[in-house]
Amino acid sequence: MGTTRTALITGATAGIGRAIALDLGRRGYRIALNYHENEARAQAALQDVREVAEHAILVRADVTSPEQVAEMVERVEQETPIDLLINNVGAFHFKPFLETTPQEWDDVLRSSLLAAVYCSHAVLPHMRSRRSGHIVNIASLNAGILRAKPMTLPYAVAKAGLILLTRTLASTEGRHGVRVNAVSPGFVEGGAFPPKDARSIPLGRLAAAREIAEAIAYLDSEAGAYITGADLDVHGGAFL
């Protein structure tokens, strides 16, 4: 166990979020797992994380609600200071522009961008007061490169905004002792819409979810202590 830091992870009970919780738990972090609706899945994830972490709690909140986010952050802070916030939640739709409904646009923008805004806004006063903290936003494959995305436009818009949020907060919060970075996964095992042939990826395979978690652990380690405002691509060379 190499740390006593506390990580709050949104959308932490499945997929990449769950892998992050397990990886950081093994590294000695105290874990706060955020979830919204699936109580059974959340309890199962909590049990798994508690097998590897010394301390883990569940915090239920809809992170697209600023009021619920504020309550969630205060609850965690009352128990243990939040050292690391990982904004992981994000809805995704795969359809052309004219078939994408206003509600789907709203769902994606609120979950993939505004949730990170609300969570960052809630934790930053605490981090500033301690002059210490780190926010990591989970973006997406080449999110910082503006190119046409005919089938995933709302998601691409949201993740591009997330990169801008990352860079802006990094520029303003460093003087308060807070770092802000992004990790942009490529195609991940078990993820949505993998390529038809992984051989199209230069490294010849999909990423394991734990590899996304390991990138976050690096950024939050002493080795990454001078990194802020970065967007770390973990994509095996896809779409270079």
# chains A, B, ... in the order shown; residues from 1 in each chain; ligands from 1
call {"tool": "select_by_dssp", "arguments": {"residues": "segment 52-201 of chain A", "states": "strand (DSSP E)", "output": "PyMOL selection string"}}
result
chain A and resi 56-60+84-87+133-138+178-185
call {"tool": "residues_around", "arguments": {"residues": "Asp106 of chain A", "least_positions_apart": "6", "cutoff": "12 Å", "atoms": "only C-alpha atoms", "output": "short mmCIF file (atom, residue, chain, number, x, y, z; two decimals) with N, CA and C atoms, in the first residue's frame"}}
result
data_model
loop_
_atom_site.label_atom_id
_atom_site.label_comp_id
_atom_site.auth_asym_id
_atom_site.auth_seq_id
_atom_site.Cartn_x
_atom_site.Cartn_y
_atom_site.Cartn_z
N THR A 64 -25.40 14.80 -13.13
CA THR A 64 -25.88 15.88 -14.00
C THR A 64 -26.73 16.88 -13.22
N GLY A 90 -20.24 9.33 -18.75
CA GLY A 90 -20.47 9.88 -20.09
C GLY A 90 -21.39 9.02 -20.93
N ALA A 91 -22.53 9.59 -21.34
CA ALA A 91 -23.44 8.88 -22.24
C ALA A 91 -22.90 8.91 -23.67
N PHE A 92 -23.39 7.98 -24.49
CA PHE A 92 -22.86 7.81 -25.85
C PHE A 92 -23.97 7.33 -26.76
N HIS A 93 -24.11 7.97 -27.91
CA HIS A 93 -25.05 7.51 -28.94
C HIS A 93 -24.31 7.41 -30.27
N THR A 100 -30.44 12.10 -34.42
CA THR A 100 -30.15 12.36 -33.02
C THR A 100 -31.17 13.35 -32.47
N SER A 112 -21.52 13.94 -20.28
CA SER A 112 -20.13 13.86 -20.75
C SER A 112 -19.36 15.16 -20.58
N LEU A 113 -20.05 16.26 -20.30
CA LEU A 113 -19.36 17.53 -20.10
C LEU A 113 -19.81 18.24 -18.83
N LEU A 114 -21.11 18.49 -18.71
CA LEU A 114 -21.57 19.28 -17.56
C LEU A 114 -21.36 18.56 -16.23
N ALA A 115 -21.44 17.24 -16.23
CA ALA A 115 -21.17 16.51 -14.98
C ALA A 115 -19.76 16.81 -14.48
N PRO A 154 -22.59 14.53 -30.85
CA PRO A 154 -22.76 15.07 -29.49
C PRO A 154 -21.63 14.65 -28.55
N TYR A 155 -21.24 13.40 -28.64
CA TYR A 155 -20.16 12.89 -27.78
C TYR A 155 -18.84 13.60 -28.09
N VAL A 157 -18.43 16.57 -29.44
CA VAL A 157 -18.53 17.96 -28.97
C VAL A 157 -18.29 18.02 -27.47
N ALA A 158 -18.92 17.10 -26.73
CA ALA A 158 -18.78 17.10 -25.27
C ALA A 158 -17.33 16.82 -24.86
#
call {"tool": "residues_around", "arguments": {"residues": "Leu84 of chain A", "least_positions_apart": "2", "cutoff": "7 Å", "atoms": "only C-alpha atoms", "output": "MDAnalysis selection string"}}
result
chainID A and resid 6:8 82 86 133:135
call {"tool": "closest_residue", "arguments": {"among": "A:Asn87, A:Ser221, A:Thr80, A:Ser111", "to": "Asp62 of chain A", "atoms": "only C-alpha atoms"}}
result
A:Ser111
call {"tool": "select_by_dssp", "arguments": {"residues": "segment 128-164 of chain A", "states": "alpha helix (DSSP H)", "output": "PyMOL selection string"}}
result
chain A and resi 128-130+153-164
call {"tool": "write_last_selection", "arguments": {"atoms": "C-alpha atoms", "output": "tab-separated table (two decimals), in the first residue's frame"}}
result
chain	number	residue	atom	x	y	z
A	128	ARG	CA	-7.86	25.08	-2.90
A	129	SER	CA	-8.22	25.33	0.87
A	130	ARG	CA	-5.72	22.48	1.28
A	153	LEU	CA	-21.25	14.30	-32.95
A	154	PRO	CA	-22.76	15.07	-29.49
A	155	TYR	CA	-20.16	12.89	-27.78
A	156	ALA	CA	-17.32	14.45	-29.79
A	157	VAL	CA	-18.53	17.96	-28.97
A	158	ALA	CA	-18.78	17.10	-25.27
A	159	LYS	CA	-15.33	15.50	-25.10
A	160	ALA	CA	-13.71	18.35	-27.02
A	161	GLY	CA	-15.26	20.67	-24.44
A	162	LEU	CA	-13.86	18.45	-21.70
A	163	ILE	CA	-10.35	18.97	-23.07
A	164	LEU	CA	-10.88	22.74	-23.05
call {"tool": "residues_around", "arguments": {"residues": "Leu232 of chain A", "least_positions_apart": "2", "cutoff": "7 Å", "atoms": "only C-alpha atoms", "output": "PDB file with N, CA and C atoms, in the first residue's frame"}}
result
ATOM      1  N   ALA A 182      -6.292  15.185 -18.364  1.00  0.00           N
ATOM      2  CA  ALA A 182      -7.264  14.321 -19.035  1.00  0.00           C
ATOM      3  C   ALA A 182      -6.571  13.046 -19.486  1.00  0.00           C
ATOM      4  N   VAL A 183      -7.333  11.968 -19.511  1.00  0.00           N
ATOM      5  CA  VAL A 183      -6.904  10.714 -20.127  1.00  0.00           C
ATOM      6  C   VAL A 183      -7.909  10.379 -21.212  1.00  0.00           C
ATOM      7  N   SER A 184      -7.414  10.117 -22.408  1.00  0.00           N
ATOM      8  CA  SER A 184      -8.288   9.844 -23.552  1.00  0.00           C
ATOM      9  C   SER A 184      -8.118   8.400 -24.011  1.00  0.00           C
ATOM     10  N   ALA A 230      -2.450  18.273 -19.339  1.00  0.00           N
ATOM     11  CA  ALA A 230      -2.133  17.277 -20.370  1.00  0.00           C
ATOM     12  C   ALA A 230      -3.376  16.483 -20.755  1.00  0.00           C
ATOM     13  N   VAL A 234      -4.408   7.109 -24.622  1.00  0.00           N
ATOM     14  CA  VAL A 234      -4.117   5.695 -24.383  1.00  0.00           C
ATOM     15  C   VAL A 234      -4.916   4.932 -25.443  1.00  0.00           C
TER      16      VAL A 234
END
call {"tool": "closest_residue", "arguments": {"among": "A:Ala122, A:Val108, A:Ala215, A:Val178", "to": "Ala19 of chain A", "atoms": "only C-alpha atoms"}}
result
A:Ala215
call {"tool": "closest_residue", "arguments": {"among": "A:Leu98, A:Glu104, A:Gly177, A:Ala148", "to": "Arg131 of chain A", "atoms": "only C-alpha atoms"}}
result
A:Gly177
call {"tool": "residues_around", "arguments": {"residues": "Arg27 of chain A", "least_positions_apart": "6", "cutoff": "12 Å", "atoms": "only C-alpha atoms", "output": "ChimeraX atom specification"}}
result
/A:1-7,20-21,49,52-55,213-214,216-218,220-221
call {"tool": "residues_around", "arguments": {"residues": "Asp48 of chain A", "least_positions_apart": "4", "cutoff": "12 Å", "atoms": "only C-alpha atoms", "output": "PyMOL selection string"}}
result
chain A and resi 12-14+18-19+21-23+25-26+31+33+41-44+52-57
call {"tool": "atom_distance", "arguments": {"atom1": "atom CA of His121 of chain A", "atom2": "atom CA of His36 of chain A"}}
result
19.3 Å
call {"tool": "closest_residue", "arguments": {"among": "A:Met151, A:Ala40, A:Leu46, A:Leu85", "to": "Met127 of chain A", "atoms": "only C-alpha atoms"}}
result
A:Leu85
call {"tool": "residues_around", "arguments": {"residues": "His235 of chain A", "least_positions_apart": "3", "cutoff": "7 Å", "atoms": "only C-alpha atoms", "output": "PyMOL selection string"}}
result
chain A and resi 141+185-187+238
call {"tool": "atom_distance", "arguments": {"atom1": "atom CA of Glu222 of chain A", "atom2": "atom CA of Ala170 of chain A"}}
result
17.5 Å
call {"tool": "closest_residue", "arguments": {"among": "A:Glu99, A:Pro125, A:Ile227, A:Phe239", "to": "Ile145 of chain A", "atoms": "only C-alpha atoms"}}
result
A:Phe239
call {"tool": "atom_distance", "arguments": {"atom1": "atom CA of Asp233 of chain A", "atom2": "atom CA of Ile212 of chain A"}}
result
9.4 Å
